[in-house]
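Source file: data_5.txt; contents: compact mmCIF, C-alpha atoms and all ligand atoms.
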# COMPACT_ATOMS: atom_id res chain seq x y z
CA MET T 66 -2.35 -4.55 11.26
CA PHE T 67 -0.96 -3.11 8.03
CA ALA T 68 1.96 -0.72 7.96
CA HIS T 69 0.91 2.21 5.75
CA ARG T 70 3.67 3.08 3.25
CA GLY T 71 5.91 1.03 5.57
CA SER T 72 6.40 2.43 9.04
CA LYS T 73 5.63 5.89 7.69
CA GLY T 74 5.43 7.62 11.06
CA THR T 75 8.93 6.61 12.14
CA HIS T 76 10.81 6.24 8.84
CA PRO T 77 10.69 7.94 5.43
CA GLU T 78 7.59 6.57 3.72
CA ASN T 79 7.80 4.00 0.93
CA THR T 80 11.53 3.36 1.42
CA LEU T 81 13.33 0.10 2.18
CA ALA T 82 14.06 1.46 5.68
CA ALA T 83 10.33 1.92 6.30
CA PHE T 84 9.47 -1.56 5.00
CA ARG T 85 12.30 -3.19 6.98
CA GLU T 86 11.03 -1.57 10.18
CA ALA T 87 7.45 -2.65 9.42
CA ILE T 88 8.58 -6.27 9.12
CA LEU T 89 10.89 -6.19 12.13
CA VAL T 90 8.12 -4.95 14.43
CA GLY T 91 5.85 -7.76 13.23
CA SER T 92 3.31 -6.14 10.88
CA ASP T 93 0.74 -8.53 9.42
CA GLY T 94 0.59 -6.52 6.23
CA ILE T 95 2.42 -3.82 4.35
CA GLU T 96 0.85 -1.22 2.08
CA LEU T 97 2.76 0.62 -0.65
CA ASP T 98 1.98 2.75 -3.70
CA ILE T 99 3.30 2.32 -7.24
CA HIS T 100 3.76 4.50 -10.32
CA LEU T 101 5.61 4.05 -13.63
CA SER T 102 8.81 5.91 -14.45
CA LYS T 103 9.48 7.48 -17.86
CA ASP T 104 11.28 4.30 -18.90
CA GLY T 105 8.54 2.01 -17.64
CA GLU T 106 9.92 0.85 -14.27
CA MET T 107 7.55 0.19 -11.37
CA ILE T 108 8.44 2.78 -8.76
CA VAL T 109 7.38 2.78 -5.11
CA ILE T 110 6.33 6.31 -4.16
CA HIS T 111 3.07 7.88 -3.05
CA ASP T 112 2.80 11.18 -4.93
CA GLU T 113 2.76 11.78 -8.69
CA THR T 114 5.81 13.99 -8.18
CA VAL T 115 9.06 13.53 -6.26
CA ASP T 116 8.81 17.03 -4.76
CA ARG T 117 7.53 16.20 -1.26
CA THR T 118 9.56 13.09 -0.43
CA THR T 119 12.94 13.66 -2.13
CA ASN T 120 15.45 16.42 -2.77
CA GLY T 121 14.36 16.60 -6.42
CA ILE T 122 11.45 18.00 -8.36
CA GLY T 123 9.34 16.71 -11.20
CA GLU T 124 6.79 14.11 -12.14
CA VAL T 125 7.69 10.46 -11.67
CA CYS T 126 6.39 9.68 -15.18
CA LYS T 127 8.81 12.22 -16.69
CA LEU T 128 11.91 10.90 -14.88
CA SER T 129 13.94 7.81 -15.79
CA LEU T 130 14.86 5.16 -13.26
CA ALA T 131 18.44 6.48 -13.24
CA GLU T 132 17.20 10.01 -12.52
CA LEU T 133 14.92 8.76 -9.76
CA LYS T 134 17.71 6.68 -8.24
CA ALA T 135 19.98 9.74 -8.04
CA LEU T 136 17.56 11.36 -5.57
CA ASP T 137 17.78 11.35 -1.77
CA ALA T 138 14.46 10.00 -0.47
CA GLY T 139 15.32 10.12 3.22
CA SER T 140 16.75 13.49 4.29
CA TRP T 141 13.40 15.28 4.06
CA PHE T 142 12.34 13.02 6.96
CA SER T 143 15.59 13.02 8.94
CA PRO T 144 19.30 13.43 8.08
CA ILE T 145 19.96 9.89 9.35
CA TYR T 146 18.10 8.55 6.30
CA LYS T 147 20.07 10.52 3.72
CA ASP T 148 21.14 7.33 1.92
CA GLU T 149 17.61 6.09 1.30
CA LYS T 150 16.62 5.86 -2.35
CA ILE T 151 13.24 5.55 -4.03
CA PRO T 152 12.82 1.77 -4.39
CA THR T 153 11.50 -0.17 -7.35
CA LEU T 154 8.72 -2.65 -6.66
CA LEU T 155 11.16 -5.48 -7.38
CA GLU T 156 13.58 -4.20 -4.72
CA VAL T 157 10.81 -4.16 -2.12
CA VAL T 158 9.71 -7.66 -3.09
CA ASP T 159 13.31 -8.88 -2.75
CA LEU T 160 13.57 -7.26 0.70
CA LEU T 161 10.34 -8.93 1.82
CA GLU T 162 11.70 -12.29 0.69
CA GLU T 163 15.08 -11.69 2.32
CA LEU T 164 13.37 -10.85 5.64
CA GLU T 165 11.06 -13.85 5.27
CA PHE T 166 7.90 -11.77 5.36
CA HIS T 167 4.90 -14.10 5.25
CA GLY T 168 2.11 -11.55 5.64
CA ILE T 169 0.14 -9.61 3.03
CA LEU T 170 1.62 -7.09 0.63
CA ASN T 171 -0.97 -4.54 -0.48
CA ILE T 172 0.07 -2.92 -3.73
CA GLU T 173 -1.89 0.25 -4.39
CA LEU T 174 -1.89 1.10 -8.10
CA LYS T 175 -1.75 4.88 -8.25
CA THR T 176 -3.54 5.16 -11.55
CA ASP T 177 -6.11 7.71 -10.47
CA HIS T 178 -4.18 10.71 -11.87
CA HIS T 179 -2.18 9.10 -14.70
CA PRO T 180 -3.46 5.89 -16.29
CA TYR T 181 0.15 4.56 -16.59
CA ASP T 182 -0.47 2.40 -19.63
CA GLY T 183 0.83 -1.10 -19.04
CA LEU T 184 1.27 -0.88 -15.27
CA GLU T 185 -1.20 -3.68 -14.58
CA GLU T 186 0.49 -5.93 -17.17
CA LYS T 187 3.92 -5.24 -15.68
CA VAL T 188 2.93 -5.98 -12.11
CA ASN T 189 1.12 -9.12 -13.21
CA GLN T 190 4.19 -10.23 -15.17
CA LEU T 191 6.46 -9.65 -12.19
CA PHE T 192 4.50 -12.04 -10.02
CA GLN T 193 4.08 -14.59 -12.78
CA HIS T 194 7.83 -15.05 -12.70
CA LYS T 195 8.73 -14.39 -9.11
CA LYS T 196 8.43 -16.96 -6.35
CA ILE T 197 7.08 -15.24 -3.25
CA HIS T 198 6.18 -16.38 0.26
CA PHE T 199 3.75 -13.61 1.12
CA LYS T 200 0.19 -12.94 -0.08
CA LEU T 201 -0.67 -10.18 -2.50
CA VAL T 202 -3.65 -7.89 -2.60
CA TYR T 203 -4.05 -5.12 -5.14
CA SER T 204 -6.01 -1.96 -4.50
CA SER T 205 -6.66 1.26 -6.37
CA PHE T 206 -8.93 4.27 -6.38
CA ASN T 207 -9.16 3.62 -10.13
CA TYR T 208 -11.53 0.68 -10.45
CA SER T 209 -10.60 0.01 -14.08
CA SER T 210 -7.10 -0.91 -12.87
CA LEU T 211 -8.58 -3.58 -10.62
CA VAL T 212 -10.70 -4.91 -13.48
CA LYS T 213 -7.54 -5.15 -15.63
CA ILE T 214 -5.73 -7.01 -12.86
CA LYS T 215 -8.61 -9.49 -12.64
CA GLU T 216 -8.72 -9.92 -16.43
CA LEU T 217 -5.00 -10.66 -16.48
CA ASN T 218 -5.23 -13.13 -13.63
CA PRO T 219 -8.66 -14.02 -12.24
CA LEU T 220 -7.01 -15.50 -9.15
CA SER T 221 -5.58 -12.12 -8.12
CA GLU T 222 -7.00 -10.64 -4.93
CA VAL T 223 -8.30 -7.10 -5.31
CA ALA T 224 -9.53 -4.72 -2.64
CA VAL T 225 -11.80 -1.81 -3.29
CA LEU T 226 -10.47 1.45 -1.93
CA TYR T 227 -13.70 2.83 -0.67
CA ALA T 228 -14.21 6.47 -1.53
CA GLN T 229 -17.92 6.66 -0.85
CA ASN T 230 -18.93 5.79 -4.38
CA GLY T 231 -21.12 2.72 -4.12
CA ASN T 232 -21.68 2.54 -7.89
CA ASN T 233 -18.06 1.75 -8.51
CA VAL T 234 -18.14 -1.00 -5.94
CA ARG T 235 -21.18 -2.53 -7.64
CA VAL T 236 -19.64 -2.33 -11.13
CA LEU T 237 -16.63 -4.34 -10.00
CA ASN T 238 -18.73 -6.70 -7.94
CA LYS T 239 -20.90 -7.64 -10.92
CA LYS T 240 -18.17 -9.48 -12.71
CA TYR T 241 -15.34 -10.01 -10.27
CA GLU T 242 -15.02 -11.11 -6.72
CA ILE T 243 -13.60 -8.52 -4.34
CA SER T 244 -11.34 -9.83 -1.58
CA ALA T 245 -11.63 -6.91 0.82
CA TRP T 246 -12.74 -3.36 1.39
CA HIS T 247 -10.09 -0.83 2.19
CA ALA T 248 -12.19 1.96 3.60
CA LYS T 249 -11.48 5.35 5.05
CA PHE T 250 -11.71 5.21 8.83
CA ASP T 251 -13.96 8.30 9.09
CA TRP T 252 -16.53 6.63 6.86
CA VAL T 253 -16.42 3.35 8.78
CA LYS T 254 -16.79 5.17 12.08
CA GLN T 255 -19.64 7.33 10.82
CA LYS T 256 -21.57 4.42 9.30
CA GLN T 257 -20.55 1.95 12.03
CA VAL T 258 -19.67 -0.65 9.39
CA PHE T 259 -17.08 -2.82 11.04
CA ASN T 260 -17.91 -6.20 9.62
CA VAL T 261 -19.36 -7.41 6.36
CA GLU T 262 -20.00 -11.10 5.98
CA LYS T 263 -17.01 -12.93 4.48
CA MET T 264 -15.43 -9.62 3.49
CA PRO T 265 -12.47 -8.23 5.41
CA ILE T 266 -12.69 -4.50 6.08
CA ARG T 267 -9.36 -2.77 6.49
CA VAL T 268 -9.42 0.86 7.50
CA TRP T 269 -6.97 3.66 6.78
CA THR T 270 -5.33 5.54 8.29
CA VAL T 271 -5.58 4.98 12.05
CA ASN T 272 -2.81 6.70 13.99
CA SER T 273 -4.22 7.76 17.35
CA HIS T 274 -4.01 5.30 20.23
CA ARG T 275 -7.63 5.97 21.02
CA TYR T 276 -8.86 4.97 17.59
CA MET T 277 -6.46 2.03 17.34
CA GLN T 278 -8.03 0.66 20.51
CA TYR T 279 -11.52 1.49 19.21
CA CYS T 280 -10.90 -0.50 16.00
CA PHE T 281 -9.46 -3.47 17.89
CA GLN T 282 -12.48 -3.50 20.20
CA LYS T 283 -14.80 -3.44 17.19
CA LYS T 284 -12.86 -6.44 15.84
CA ILE T 285 -12.29 -4.82 12.48
CA SER T 286 -10.25 -7.06 10.16
CA ALA T 287 -7.25 -4.75 10.08
CA ILE T 288 -6.15 -1.20 10.55
CA MET T 289 -3.63 0.52 8.32
CA THR T 290 -1.37 2.73 10.35
CA ASP T 291 1.75 4.86 10.09
CA PHE T 292 2.81 3.53 13.51
CA PRO T 293 2.83 -0.28 13.33
CA LYS T 294 4.96 -0.80 16.44
CA GLU T 295 2.61 1.29 18.60
CA ALA T 296 -0.44 -0.39 17.08
CA LEU T 297 0.90 -3.84 17.89
CA ALA T 298 1.69 -2.82 21.47
CA ILE T 299 -1.88 -1.56 21.87
CA ARG T 300 -3.37 -4.65 20.25
CA ASN T 301 -1.28 -6.94 22.47
CA GLY T 302 -2.23 -4.99 25.59
CA TRP T 303 -5.88 -5.04 24.72
CA GLN T 304 -6.15 -8.75 23.94
O1 LIG O 1 -4.51 2.07 0.80
C1 LIG O 1 -4.93 2.94 1.79
C2 LIG O 1 -4.31 4.30 1.61
O2 LIG O 1 -2.96 4.14 1.31
C3 LIG O 1 -4.99 5.10 0.54
O3 LIG O 1 -4.58 6.43 0.57
O4 LIG O 1 -3.33 8.36 -0.22
O5 LIG O 1 -2.38 6.97 1.59
O6 LIG O 1 -2.45 6.09 -0.73
P1 LIG O 1 -3.13 6.97 0.29
MG MG O 2 -1.71 4.09 -0.50

Show how you would write the structure in this file as structure tokens.
Amino acid sequence: MFAHRGSKGTHPENTLAAFREAILVGSDGIELDIHLSKDGEMIVIHDETVDRTTNGIGEVCKLSLAELKALDAGSWFSPIYKDEKIPTLLEVVDLLEELEFHGILNIELKTDHHPYDGLEEKVNQLFQHKKIHFKLVYSSFNYSSLVKIKELNPLSEVAVLYAQNGNNVRVLNKKYEISAWHAKFDWVKQKQVFNVEKMPIRVWTVNSHRYMQYCFQKKISAIMTDFPKEALAIRNGWQ
């Protein structure tokens, strides 16, 4: 079970509070999204702009780290999170290490709107120099980002974010090994594809109890959910 953007349903998404909660409840994996700031820092946020999840406005790529750090990334969710800031990828990695997270971190490269020149090199560099005790898997809707990641380090694990475009999957598959499919739940349910030989299928985003149970019964490799604590309770009750 992967916590989508941290424990997004109970905490402000993609903040340290959301990641801390995801680890404390026992998530097997954590998913987050990254962009580059104006001054080239790897920033953990979902949207291309800060408008929805902070008290500021503007595009992440046009704001410096200092400008991004001045924003309140928690109050939009609840006043009790008013001190939450937009984290850098390094800050999240440090938190995961501090909390002794030994699961899988799924870094989604949000390069489908802006190419963010150099993002793949930066993330690869970070993990060349950082000792970590969790596994890494990269994903992206932009397949060229995954190819770059593989070219930089062929041992990197990459997961195809499945958006119903089989050609893209085949292009990547020709040259590089894919570690997993991260597919939209609706597609998986419609096609009844729950298992592919030797290839984990992780589905997003499964939030209803009914569909959590459905996925566990189908023995899908993992669900990605905004409610990791509830998902674990259901999985434990079902087993
Ligand atoms: O990685 C699965 C999921 O996060 C992809 O969609 O928009 O939530 O990043 P999104
Ligand atoms: Mg994502």

List as a list of chain:residue names the protein and nucleic acid residues near Val157 (chain T), meaning an atom at most 12 Å away when all atoms listed in the file are counted, but skip any in the same chain fewer than 6 places from it. T:Arg70, T:Gly71, T:Asn79, T:Thr80, T:Leu81, T:Ala82, T:Ala83, T:Phe84, T:Arg85, T:Ile88, T:Ile95, T:Glu96, T:Leu97, T:Asp98, T:Ile99, T:Met107, T:Ile108, T:Val109, T:Ile110, T:Lys150, T:Ile151, T:Glu163, T:Leu164, T:Phe166, T:Leu170, T:Asn171, T:Ile172, T:Ile197

Please, which residues have at least one atom within 9 Å of an atom of ligand LIG 1 (chain O), using only C-alpha atoms and all ligand atoms, listed as a PyMOL selection string? chain T and resi 69-70+96-98+111-112+171-175+204-206+226+247-249+267-270+289

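Picture a line from CA of Ile169 (chain T) to atom MG of ligand MG 2 (chain O); it runs 14.3 Å.
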
For a quick check of understanding, using only C-alpha atoms and all ligand atoms, which of T:Lys134, T:Met264, T:Thr290, T:Gln278 has the smallest distance to ligand MG 2 (chain O)? T:Thr290

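Reported to one decimal place, the separation of CA of Phe199 (chain T) from CA of Glu222 (chain T) is 12.7 Å.
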
Close residues, Asn218 (chain T) itself excluded, 10 Å, only C-alpha atoms, min 3 positions apart in chain, as a ChimeraX atom specification: /T:186,189-190,193,212-215,221-222

Residues around (-11.6, -2.3, -3.9), cut-off 10 Å, counting all atoms listed in the file - what are they as an NGL selection string? :T and (202-208 or 211-212 or 222-228 or 233-234 or 237-238 or 242-248)

Give me a file of those residues, with C-alpha atoms, as a compact mmCIF listing (two decimals), in the coordinates of the input.
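Dumped to again21.txt:
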# COMPACT_ATOMS: atom_id res chain seq x y z
CA VAL T 202 -3.65 -7.89 -2.60
CA TYR T 203 -4.05 -5.12 -5.14
CA SER T 204 -6.01 -1.96 -4.50
CA SER T 205 -6.66 1.26 -6.37
CA PHE T 206 -8.93 4.27 -6.38
CA ASN T 207 -9.16 3.62 -10.13
CA TYR T 208 -11.53 0.68 -10.45
CA LEU T 211 -8.58 -3.58 -10.62
CA VAL T 212 -10.70 -4.91 -13.48
CA GLU T 222 -7.00 -10.64 -4.93
CA VAL T 223 -8.30 -7.10 -5.31
CA ALA T 224 -9.53 -4.72 -2.64
CA VAL T 225 -11.80 -1.81 -3.29
CA LEU T 226 -10.47 1.45 -1.93
CA TYR T 227 -13.70 2.83 -0.67
CA ALA T 228 -14.21 6.47 -1.53
CA ASN T 233 -18.06 1.75 -8.51
CA VAL T 234 -18.14 -1.00 -5.94
CA LEU T 237 -16.63 -4.34 -10.00
CA ASN T 238 -18.73 -6.70 -7.94
CA GLU T 242 -15.02 -11.11 -6.72
CA ILE T 243 -13.60 -8.52 -4.34
CA SER T 244 -11.34 -9.83 -1.58
CA ALA T 245 -11.63 -6.91 0.82
CA TRP T 246 -12.74 -3.36 1.39
CA HIS T 247 -10.09 -0.83 2.19
CA ALA T 248 -12.19 1.96 3.60

Counting all atoms listed in the file, select every polymer residue within 7 Å of (19.3, 5.1, -0.1) as defined in the file's coordinates, and provide the selection as a list in words.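 Neighbouring residues, ordered by chain and number, come to Asp137, Ala138, Lys147, Asp148, Glu149 and Lys150 of chain T.
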
Top pick for closest residue to ligand MG 2 (chain O), considering T:Asp291, T:Val125, T:Val188, T:Glu165 and counting all atoms listed in the file: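 Closest to ligand MG 2 (chain O), using all atoms listed in the file: T:Asp291.
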
To one decimal place, how far is CA of Ser92 (chain T) from CA of Phe292 (chain T) in Å? 10.0 Å

Choose the residue, out of T:Phe142, T:Asp116, T:Lys195, T:Thr176, that has the smallest atom-to-atom separation from ligand MG 2 (chain O); count all atoms listed in the file.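 Smallest separation from ligand MG 2 (chain O) among the options: T:Thr176.
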
Pick out the closest residue to Glu78 (chain T) from this set: T:Thr114, T:Asn301, T:Ser286, T:Thr119. Count only C-alpha atoms. T:Thr119

Could you check the closest approach to ligand MG 2 (chain O) for each of T:Ser143, T:Leu89, T:Glu295, T:Asp177 and tell me which residue wins, using all atoms listed in the file?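 Using all atoms listed in the file, the shortest distance to ligand MG 2 (chain O) belongs to T:Asp177.
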